[in-house]
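Enquirer: Please read through the structure below; I'll follow up with questions.
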Amino acid sequence: MSLFPAFLKLRNKPCLVVGAGEIAWSKITSLLDAEADVLVIAAEARDEVHQLAAQGRIRLVLRSYEPDDVAGHFLVIAATDDRDSNAAVYRNAEERNILCNAVDDPPNCDFYFGSIVRRGDLQIAISTNGESPAFAQRLRREIDAALAPDLGPWLANLGELRREILQLYPAGDYRKQLLHRLAQRDVCRSEDCPSRRLAFGGCADLNAQTQGYTKEQPAPDR
C-alpha cells in the first residue's frame, strides 16, 4: 500500500489519546509539539501525564475508554498496552471517518508516526510503511549527524529574506534563480550580509528585464 506523505497542521485541532502510560507518552508530547488540543483518556496515568494536566497543557479524564469518546476529534491515537483495546478504538474511529493510529499495529493505522529529524522549521520525516521502525530510526540518526546544528536559525533567516524578495521582485526566472542561489548560501539578518546584498543589489538590472510588466501583470514563472 502506498502512503501519501503530508505534514498536518494540528494547532488547536481536537486530538484524542487513549492510554496514558509509557506507550502513550511520546505520542502525547508529539501532539503537544504540534500545538494540538489534546484529550487523554485512561484508567490510570503516569506521573508526567498528571503533570501536563496540572499545567493545563492537556485535558486528562481518568476512566475507561468508551466508544463514543472518539466523536468530534480530528485524529485519534490508541496507545494502551492492550492490542485488542487499541484495535477497538481504531474500529470506532474508522466508523466515524476519523484518522486513527493504533501504536505498533500497522493494520489498524490510517497513518504512521515517522522518525523525525528536526532543525527549527526544517523537518525530515522517514517512514518504512510500518515494515521496520528500527531502520527508520537508523536513517534518522545518520541524517541527523550529517546536518549542521544551526540549520534552524539559518532557515528562519532564509525564510524572512525570501518573503522580502517575493514582495520586491515580480514572478519570473530571475526571482526563481535568485531564490535557488540563496538556498545554497550563508544568510543572516545583518544589512551587511553578502546574501542580502546579492538579493537586493539586482533591482536596477532587473528593471530592464521586466519592462512592460506591472504588479497587475507580473513576469511569468517558467
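Within each chain, counting starts at residue 1; across the C-alpha cells, chains are named A, B, ... in the order shown, with ligands numbered 1 upward in that order.
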Per residue of stretch 78-192 of chain A within 8 Å of stretch 60-71 of chain A, what are the shortest atom pair and its distance in Å to one decimal, counting only C-alpha atoms, with rows by chain and residue number, as JSON lines?

Expert:
```
{"residue": "A:Val89", "atom": "CA", "partner": "A:Pro67", "partner_atom": "CA", "distance": 7.0}
{"residue": "A:Asn92", "atom": "CA", "partner": "A:Pro67", "partner_atom": "CA", "distance": 6.0}
{"residue": "A:Ala93", "atom": "CA", "partner": "A:Val70", "partner_atom": "CA", "distance": 6.0}
{"residue": "A:Arg96", "atom": "CA", "partner": "A:Ala71", "partner_atom": "CA", "distance": 7.3}
{"residue": "A:Ile98", "atom": "CA", "partner": "A:Val70", "partner_atom": "CA", "distance": 7.9}
```

Enquirer: Store the residues picked out above, limited to N, CA and C atoms, as a compact mmCIF listing (two decimals), in the first residue's frame.

Expert:
```txt
# COMPACT_ATOMS: atom_id res chain seq x y z
N VAL A 89 -10.52 0.76 19.46
CA VAL A 89 -10.50 2.21 19.29
C VAL A 89 -10.40 2.55 17.80
N ASN A 92 -13.75 2.07 16.12
CA ASN A 92 -14.68 3.14 16.47
C ASN A 92 -14.38 4.41 15.67
N ALA A 93 -13.09 4.72 15.51
CA ALA A 93 -12.71 5.91 14.74
C ALA A 93 -13.01 5.71 13.26
N ARG A 96 -16.41 6.45 12.08
CA ARG A 96 -16.75 7.87 12.02
C ARG A 96 -15.83 8.65 11.06
N ILE A 98 -12.64 9.07 11.14
CA ILE A 98 -11.65 9.83 11.89
C ILE A 98 -10.31 9.11 11.76
```

Enquirer: If you count only C-alpha atoms, which residues fall within 9 Å of A:Ser115, apart from same-chain ones fewer than 3 positions away, as a ChimeraX atom specification?

Expert: /A:124-127,133,136-137,139-140

Enquirer: Report as a list in words all protein, DNA and RNA residues lying within 6 Å of stretch 12-17 of chain A, evaluated on only C-alpha atoms, omitting residues in the same chain fewer than 2 positions from it.

Expert: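 Non-adjacent residues within range: Leu10, Ala36, Asp37, Val38, Leu39, Val40, His73, Phe74, Leu75, Val76 and Ile77 of chain A.
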
Enquirer: From the set A:Ala145, A:Leu161, A:Ala20, A:Cys109, which residue has the shortest atom-to-atom contact distance to A:Gln51, counting only C-alpha atoms?

Expert: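 The answer is A:Ala20, which sits nearest to A:Gln51.
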
Enquirer: Measure the distance from atom CA of A:Arg138 to atom CA of A:Val117 in Å and round it to one decimal.

Expert: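 If I compute the distance from atom CA of A:Arg138 to atom CA of A:Val117, I get 11.3 Å.
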
Enquirer: Give me the residues within 10 Å of A:Gly152 as a PyMOL selection string, counting only C-alpha atoms and dropping any in the same chain fewer than 6 places off.

Expert: chain A and resi 118-123+158

Enquirer: Using only C-alpha atoms, please write the residues we just selected to a file, as a short mmCIF file (atom, residue, chain, number, x, y, z; two decimals), in the first residue's frame.

Expert:
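Output file result.cif follows:
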```cif
data_model
loop_
_atom_site.label_atom_id
_atom_site.label_comp_id
_atom_site.auth_asym_id
_atom_site.auth_seq_id
_atom_site.Cartn_x
_atom_site.Cartn_y
_atom_site.Cartn_z
CA ARG A 118 14.24 18.48 13.22
CA ARG A 119 16.16 21.73 12.92
CA GLY A 120 13.77 24.56 13.74
CA ASP A 121 11.15 24.67 10.99
CA LEU A 122 13.03 22.05 8.99
CA GLN A 123 11.52 18.61 9.48
CA LEU A 158 16.34 32.50 4.70
#
```

Enquirer: Atom CA of A:Phe200 and atom CA of A:Gly159, how far apart in Å?

Expert: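 Here the two named atoms are 15.1 Å from each other.
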
Enquirer: Assign secondary structure with DSSP using the backbone only, and return the residues of chain A in helix (DSSP H, G or I) as a ChimeraX atom specification.

Expert: /A:22-33,47-54,67-70,83-95,106-108,133-146,151-168,173-182,194-200,203-209

Enquirer: Kindly indicate which residue among A:Ala43, A:Ile28, A:Thr80, A:Leu99 lies nearest to A:Ile58, using only C-alpha atoms for the distances.

Expert: A:Ile28

Enquirer: Interatomic distance between atom CA of A:Ala78 and atom CA of A:Ala134?

Expert: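 For atom CA of A:Ala78 relative to atom CA of A:Ala134, the distance reads 20.6 Å.
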
Enquirer: Name the residues of stretch 38-133 of chain A that come out as strand (DSSP E) in a backbone DSSP run; write them as a list in words.

Expert: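 Across stretch 38-133 of chain A, those assigned strand (DSSP E) are Val38, Leu39, Val40, Ile41, Ala42, Arg59, Leu60, Val61, Leu62, Leu75, Val76, Ile77, Ala78, Leu99, Cys100, Asn101, Ala102, Ser115, Ile116, Val117, Arg118, Arg119, Leu122, Gln123, Ile124, Ala125 and Ile126 of chain A.
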
Enquirer: Rank nothing, just name the residue among A:Ala34, A:Ala24, A:Leu179, A:Leu147 nearest to A:Arg11, using only C-alpha atoms.

Expert: A:Ala34

Enquirer: Here is a test: counting only C-alpha atoms, which residue of A:Ser26, A:Ser2, A:Asn129, A:Asn86 is nearest to A:Pro106?

Expert: A:Asn129

Enquirer: Write out as CSV a residue-level contact list of stretch 146-178 of chain A versus stretch 187-191 of chain A with cut-off 9 Å: for each qualifying residue the closest pair of atoms and the distance in Å to one decimal, counting only C-alpha atoms, rows sorted by chain and residue number upward.

Expert:
```
residue,atom,partner,partner_atom,distance
A:Pro153,CA,A:Cys188,CA,8.7
A:Trp154,CA,A:Val187,CA,6.2
A:Leu155,CA,A:Val187,CA,8.3
A:Asn157,CA,A:Cys188,CA,5.8
A:Leu158,CA,A:Val187,CA,6.1
A:Glu160,CA,A:Arg189,CA,8.8
A:Leu161,CA,A:Val187,CA,8.4
```

Enquirer: Take the residues just selected and output them with N, CA and C atoms as a PDB file, in the first residue's frame.

Expert:
```pdb
ATOM      1  N   PRO A 153      18.143  28.292  12.749  1.00  0.00           N
ATOM      2  CA  PRO A 153      18.243  29.751  12.609  1.00  0.00           C
ATOM      3  C   PRO A 153      18.531  30.184  11.177  1.00  0.00           C
ATOM      4  N   TRP A 154      19.373  29.434  10.468  1.00  0.00           N
ATOM      5  CA  TRP A 154      19.661  29.766   9.064  1.00  0.00           C
ATOM      6  C   TRP A 154      18.388  29.732   8.230  1.00  0.00           C
ATOM      7  N   LEU A 155      17.567  28.702   8.429  1.00  0.00           N
ATOM      8  CA  LEU A 155      16.331  28.592   7.661  1.00  0.00           C
ATOM      9  C   LEU A 155      15.370  29.727   7.996  1.00  0.00           C
ATOM     10  N   ASN A 157      16.198  32.772   8.887  1.00  0.00           N
ATOM     11  CA  ASN A 157      16.695  33.959   8.190  1.00  0.00           C
ATOM     12  C   ASN A 157      16.418  33.876   6.695  1.00  0.00           C
ATOM     13  N   LEU A 158      16.606  32.684   6.126  1.00  0.00           N
ATOM     14  CA  LEU A 158      16.342  32.498   4.702  1.00  0.00           C
ATOM     15  C   LEU A 158      14.865  32.733   4.395  1.00  0.00           C
ATOM     16  N   GLU A 160      12.775  34.659   6.033  1.00  0.00           N
ATOM     17  CA  GLU A 160      12.490  36.094   6.112  1.00  0.00           C
ATOM     18  C   GLU A 160      12.957  36.800   4.850  1.00  0.00           C
ATOM     19  N   LEU A 161      14.161  36.441   4.375  1.00  0.00           N
ATOM     20  CA  LEU A 161      14.693  37.044   3.161  1.00  0.00           C
ATOM     21  C   LEU A 161      13.834  36.672   1.954  1.00  0.00           C
TER      22      LEU A 161
END
```

Enquirer: Name all residues at most 12 Å from stretch 194-199 of chain A (count only C-alpha atoms; drop same-chain ones fewer than 6 positions away) and give them as an MDAnalysis selection string.

Expert: chainID A and resid 154 157:158 160:169 174:188 205:206

Enquirer: Compare A:Ala45, A:Tyr90, A:Gly72, A:Glu95 by their minimum atom-to-atom distance to A:Asp110, counting only C-alpha atoms, and give me the closest one.

Expert: A:Tyr90
